[in-house]
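Asks: What follows is a single structure, and I will ask about it in a moment.
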There are 2 protein chains.
Amino acid sequence: MNDGGTNSPVKVVVGLGDRAYDILIGSGLIARAGAEIAARLPGIRAAIVTDENVAAAHLDALTQSLESAGIASTAITLPAGEKTKSFAHLQDVVDGVLAARLERGDAVLALGGGVIGDLTGFAAGIVRRGMNFVQLPTSLLAQVDSSVGGKTGINSPHGKNLIGVFHQPRVVLADTDVLDTLPVREFRAGYAEVAKYGLIDRPDFFAWLEKNWREVFSGGPARTEAIAQSCRAKADVVARDEFETGDRALLNLGHTFGHALEAATGYESARLVHGEGVAIGMALAYRFSARMNLASPDDAARVETHLREVGLPWRMADIPGTLPDAERLLGYIAQDKKVSRGALTFILTHGIGQSFIARDVPSSEVLAFLRENHPG
Amino acid sequence: MNDGGTNSPVKVVVGLGDRAYDILIGSGLIARAGAEIAARLPGIRAAIVTDENVAAAHLDALTQSLESAGIASTAITLPAGEKTKSFAHLQDVVDGVLAARLERGDAVLALGGGVIGDLTGFAAGIVRRGMNFVQLPTSLLAQVDSSVGGKTGINSPHGKNLIGVFHQPRVVLADTDVLDTLPVREFRAGYAEVAKYGLIDRPDFFAWLEKNWREVFSGGPARTEAIAQSCRAKADVVARDEFETGDRALLNLGHTFGHALEAATGYESARLVHGEGVAIGMALAYRFSARMNLASPDDAARVETHLREVGLPWRMADIPGTLPDAERLLGYIAQDKKVSRGALTFILTHGIGQSFIARDVPSSEVLAFLRENHPG
Ligand SMILES: NC(=O)c1ccc[n+]([C@@H]2O[C@H](COP(=O)([O-])OP(=O)(O)OC[C@H]3O[C@@H](n4cnc5c(N)ncnc54)[C@H](O)[C@@H]3O)[C@@H](O)[C@H]2O)c1
Ligand SMILES: NC(=O)c1ccc[n+]([C@@H]2O[C@H](COP(=O)([O-])OP(=O)(O)OC[C@H]3O[C@@H](n4cnc5c(N)ncnc54)[C@H](O)[C@@H]3O)[C@@H](O)[C@H]2O)c1
Ligand SMILES: [Zn+2]
Ligand SMILES: [Zn+2]
């Protein structure tokens, strides 16, 4: 395994033909960003989109790095948090990019977590019907998941991520150093998506995580390795199914329950952030699969144990405050975008690393399961 | 030549591989819309987006037609006019489609002119990252131009059509009967785009129009023929260059000057509508080409004569009210989206049907030309 040493980043290629791009993962990549971008997009100007937290810690370093590579830039700084993925802020970014008089061949750079990445990618996809886009993910979740694959978007009052486009970045630069300023709760939330790749179809990776998660949290080669493995897992799926017409849906393991819980808690990050919703959602997907006699209860228990051990919530009772009742939770699930012709589609599992797409899951079973597991 | 008889529509295919689609042109197509759509998209539900003028004349007929083909629909009716191509109305359409709980495989139908088509196509392209989209163009301009080719979008305070996506329709149904309720000024404006195809690269078609334009205006086979020829011309260009990286830009003949004039008149349709701006823009492009010794002044005069004869404006002096000065007009041109790395790109011409893409047009020449031709 590549140790992702300090000076040579690990490279993962997302194989999408003439839209293929590199993900670089390693130390010092913000400082190298100007050079990496200039090598791929010579002569451009840039707009950097970021949030207030990330700007405080890393914006100057990026601006410097661009400047020394001859790339002039302007910054658009937005409030932090899921609520920024809105029409109003989309318009702010679009206006900011146009006000900077950037042309179609210039670039829009997302410096931040998944919120900034999703919003910025969407804006880059619609200004002049598609500008160059670069991801500089700064949260663990963004480095292992949201920055890879070109899915961009914002939320609607009708549900999460319902509005957006597919717009692939030209390059993804994941600087592992910037994770040091990330609040540990956010790091943990991102770790849920790392574990997800093991639970989907990489049982050995999950077993490796059970042994090495402490080193992933503390930093160094194991962290770089976990991020690179995750990117490889996601890049594989994306290359097979760019537009989510088939098995890209596997990446939604834990997300149907998770999104419903995010909606049910009003996207209040004080109560639940995305990765925490996914953690609970994965535990529920395993538990529900066991209840349906698809997987062994031991596997469900193994998932719960690992999530609990790393400090993630793993059951609905772990969410502070009261939840809507089971019927209302089912309503959130039905409104989630992974509904096709009224039947419920879930990612279920036959065991660790053996997930599959289950269509026509009876909503009566889901409702009964939600009632049994509801804390209130 | 096919006469587009009352009962069998003329079909033009837009050859875009797995995104290929039919344009049907003829009489009675609103009444057949339900059947044509159900044949291509079985089992769907639909949202119809339209404007107040078109709704009053044609919405009931479409709703009936869908219903008798078993397609349930809801309608979203917006104010008429260019100002509807805004972020606020985009959000209205997106919210309306989501509120109707349409799924990714359902369809969004644009019933209206280019404004409704551009806005609706954009909304269809971003709800759930791309829903099925059907064009039912009701203005001449929309039937010959905006409904074909998948370019969608809205305007920004920074310029027209600066925000959008490429999103191809699944079918285009151009009912020639509905043009009877179109105000004659709008019909004329659409005719400018018909003439445009002749002026780009079809000199015989332009000569045919010089002879037959009265029949095109009065209706019947010549009208259907002109629409079908126009769709064929546009479909050819689009199939060669779907994403406007090359000679699709030829379709912008007359549009660089035209967009600047639209911006300069604040998009007030009382003063200038899109097709009128294009008419003046084409006359200016021919006149400017003559001034640059690229084309003969006789050809410029021939274009002006034809536009004047059909009742279209053909020079800046034909616009009611005062225009900004030449410097400000040049500013609008520079901000237009067809600017690459600061150089001005124009569609110029060597004569009737001999247009070409001219890059690096010196802005000093354009300025001098605007001064010479400025009415005020
Ligand atoms: N597009 C996709 O494929 C995809 C996949 C998964 C998740 N997502 C989306 O990603 C979003 C969640 O991403 P997230 O968890 O990164 O949320 P986020 O962007 O809100 O970041 C979490 C918090 O960490 C802060 N932060 C980020 N990097 C930091 C750093 N280096 N130092 C200090 N603070 C930092 C942010 O300001 C924010 O407060 C959700 O909206 C989800 O829908 C998208
Ligand atoms: N997407 C493209 O490739 C493309 C190409 C050319 C133009 N456009 C866009 O198209 C727009 C102009 O289109 P337009 O001229 O159709 O404008 P429009 O949609 O505003 O229609 C013109 C007027 O005619 C009315 N109308 C339309 N059909 C009618 C009917 N059958 N009966 C009665 N009234 C009717 C409308 O209500 C409106 O008042 C511009 O925004 C332009 O940018 C787009
Ligand atoms: Zn996720
Ligand atoms: Zn036009």
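Going by the structure tokens order, chains are called A, B, ..., each with residues numbered from 1, while ligands are numbered from 1 in the order shown.
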Could you give me the residues within 6 Å of ligand 1, counting only C-alpha atoms and all ligand atoms, as a PyMOL selection string?

Replies: chain A and resi 51+53-54+80-82+112-116+118+138-139+141-142+145-146+151-152+178-179+181-182+186+274

Asks: List the neighbours of Met292 in chain A out to 12 Å using only C-alpha atoms; skip same-chain residues closer than 5 positions along the sequence, and give me the result as a PyMOL selection string.

Replies: chain A and resi 284-287+297+348-350+358+361-362+365-366+368-369

Asks: Now that the selection is made, can you save its residues with C-alpha atoms as a PDB file, in the first residue's frame?

Replies:
ATOM      1  CA  LEU A 284     -30.584   0.778  10.254  1.00  0.00           C
ATOM      2  CA  ALA A 285     -30.068  -0.668   6.761  1.00  0.00           C
ATOM      3  CA  TYR A 286     -28.120  -3.584   8.257  1.00  0.00           C
ATOM      4  CA  ARG A 287     -30.626  -4.057  11.071  1.00  0.00           C
ATOM      5  CA  PRO A 297     -27.955 -10.141  12.998  1.00  0.00           C
ATOM      6  CA  LEU A 348     -29.998  -3.489   1.640  1.00  0.00           C
ATOM      7  CA  THR A 349     -27.341  -6.085   2.367  1.00  0.00           C
ATOM      8  CA  HIS A 350     -26.562  -9.763   2.601  1.00  0.00           C
ATOM      9  CA  ALA A 358     -33.592  -3.612  -3.396  1.00  0.00           C
ATOM     10  CA  VAL A 361     -39.391  -2.796  -0.552  1.00  0.00           C
ATOM     11  CA  PRO A 362     -42.852  -2.962   1.095  1.00  0.00           C
ATOM     12  CA  GLU A 365     -42.322  -3.466   6.584  1.00  0.00           C
ATOM     13  CA  VAL A 366     -40.382  -0.230   6.756  1.00  0.00           C
ATOM     14  CA  ALA A 368     -43.169  -1.598  11.288  1.00  0.00           C
ATOM     15  CA  PHE A 369     -39.370  -1.471  11.536  1.00  0.00           C
TER      16      PHE A 369
END

Asks: Enumerate as an MDAnalysis selection string all residues of range 55-304 of chain A assigned to alpha helix (DSSP H) by DSSP on the backbone, naming them with the chain letters and numbers the document uses.

Replies: chainID A and resid 60:68 87:99 114:126 140:141 184:201 203:218 221:240 255:264 274:291 297:304

Asks: Per residue of chain B within 9 Å of ligand 4, record the nearest atom pair and its distance in Å to one decimal, counting only C-alpha atoms and all ligand atoms, with rows in chain order and ascending residue number, as JSON lines.

Replies:
{"residue": "B:Leu141", "atom": "CA", "partner": "ligand 4", "partner_atom_place_in_ligand_line": "1 (Zn)", "distance": 7.6}
{"residue": "B:Asp145", "atom": "CA", "partner": "ligand 4", "partner_atom_place_in_ligand_line": "1 (Zn)", "distance": 6.9}
{"residue": "B:Ser146", "atom": "CA", "partner": "ligand 4", "partner_atom_place_in_ligand_line": "1 (Zn)", "distance": 7.2}
{"residue": "B:Gly190", "atom": "CA", "partner": "ligand 4", "partner_atom_place_in_ligand_line": "1 (Zn)", "distance": 8.4}
{"residue": "B:Ala192", "atom": "CA", "partner": "ligand 4", "partner_atom_place_in_ligand_line": "1 (Zn)", "distance": 8.4}
{"residue": "B:Glu193", "atom": "CA", "partner": "ligand 4", "partner_atom_place_in_ligand_line": "1 (Zn)", "distance": 6.2}
{"residue": "B:Leu251", "atom": "CA", "partner": "ligand 4", "partner_atom_place_in_ligand_line": "1 (Zn)", "distance": 7.9}
{"residue": "B:Asn252", "atom": "CA", "partner": "ligand 4", "partner_atom_place_in_ligand_line": "1 (Zn)", "distance": 7.1}
{"residue": "B:Leu253", "atom": "CA", "partner": "ligand 4", "partner_atom_place_in_ligand_line": "1 (Zn)", "distance": 8.6}
{"residue": "B:Gly254", "atom": "CA", "partner": "ligand 4", "partner_atom_place_in_ligand_line": "1 (Zn)", "distance": 8.2}
{"residue": "B:His255", "atom": "CA", "partner": "ligand 4", "partner_atom_place_in_ligand_line": "1 (Zn)", "distance": 6.5}
{"residue": "B:Gly258", "atom": "CA", "partner": "ligand 4", "partner_atom_place_in_ligand_line": "1 (Zn)", "distance": 8.5}
{"residue": "B:His259", "atom": "CA", "partner": "ligand 4", "partner_atom_place_in_ligand_line": "1 (Zn)", "distance": 8.9}
{"residue": "B:His274", "atom": "CA", "partner": "ligand 4", "partner_atom_place_in_ligand_line": "1 (Zn)", "distance": 6.5}
{"residue": "B:Gly275", "atom": "CA", "partner": "ligand 4", "partner_atom_place_in_ligand_line": "1 (Zn)", "distance": 6.2}
{"residue": "B:Gly277", "atom": "CA", "partner": "ligand 4", "partner_atom_place_in_ligand_line": "1 (Zn)", "distance": 8.6}
{"residue": "B:Val278", "atom": "CA", "partner": "ligand 4", "partner_atom_place_in_ligand_line": "1 (Zn)", "distance": 6.3}

Asks: Taking 3 positions as the minimum chain separation for residues in the same chain, which residues sit within 7 Å of range 195-203 of chain B when counting only C-alpha atoms? Answer as a PyMOL selection string.

Replies: chain B and resi 191-192+206-207+230+233+250+352-355

Asks: Write to file, as a compact mmCIF listing (two decimals), in the first residue's frame, the residues of the selection just made, with N, CA and C atoms.

Replies:
# COMPACT_ATOMS: atom_id res chain seq x y z
N TYR B 191 -39.86 35.49 -37.81
CA TYR B 191 -39.44 35.38 -39.20
C TYR B 191 -37.97 35.80 -39.37
N ALA B 192 -37.51 36.67 -38.51
CA ALA B 192 -36.09 37.07 -38.60
C ALA B 192 -35.18 35.85 -38.46
N PHE B 206 -32.89 31.58 -48.83
CA PHE B 206 -33.13 33.03 -48.73
C PHE B 206 -33.84 33.56 -49.98
N ALA B 207 -33.40 33.10 -51.13
CA ALA B 207 -34.04 33.54 -52.38
C ALA B 207 -35.51 33.08 -52.42
N SER B 230 -36.25 25.49 -41.67
CA SER B 230 -35.51 26.12 -40.59
C SER B 230 -35.07 25.09 -39.56
N ALA B 233 -32.22 23.08 -40.89
CA ALA B 233 -30.97 23.85 -40.85
C ALA B 233 -30.41 23.86 -39.44
N LEU B 250 -22.30 29.80 -35.46
CA LEU B 250 -22.87 30.44 -36.66
C LEU B 250 -24.33 30.85 -36.44
N ILE B 352 -24.56 36.61 -49.21
CA ILE B 352 -25.78 35.88 -48.82
C ILE B 352 -25.48 34.39 -48.67
N GLY B 353 -25.76 33.83 -47.51
CA GLY B 353 -25.51 32.40 -47.30
C GLY B 353 -24.05 32.05 -47.17
N GLN B 354 -23.21 33.03 -46.82
CA GLN B 354 -21.78 32.75 -46.71
C GLN B 354 -21.20 33.32 -45.42
N SER B 355 -21.88 33.01 -44.34
CA SER B 355 -21.44 33.55 -43.05
C SER B 355 -20.30 32.72 -42.47

Asks: Between A:Gln143, A:Ala283, A:Ser27, A:Ser296, which one has atoms that come closest to Arg308 in chain A, using only C-alpha atoms?

Replies: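 Using only C-alpha atoms, the shortest distance to Arg308 in chain A belongs to A:Ala283.
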
Asks: Can you tell me, as a list in words, which residues in range 175-365 of chain A count as strand (DSSP E or B) by DSSP?

Replies: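 Those in range 175-365 of chain A that DSSP calls strand (DSSP E or B) are Asp175, Val339, Ser340, Ala343, Leu344, Thr345, Phe346, Ile347, Leu348, Thr349, Ser355, Phe356, Ile357, Ala358, Arg359, Asp360 and Val361 of chain A.
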
Asks: Give me the residues near Pro320 in chain B as a ChimeraX atom specification, where near means some atom within 9 Å (using only C-alpha atoms) and where sequence neighbours in that chain fewer than 6 positions away do not count.

Replies: /B:270-272

Asks: So, with only C-alpha atoms and all ligand atoms as the atoms that count, which of B:His374, B:Arg291, B:Arg232, B:Lys85 lies closest to ligand 2?

Replies: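 Under the stated criterion, the closest residue is B:Lys85.
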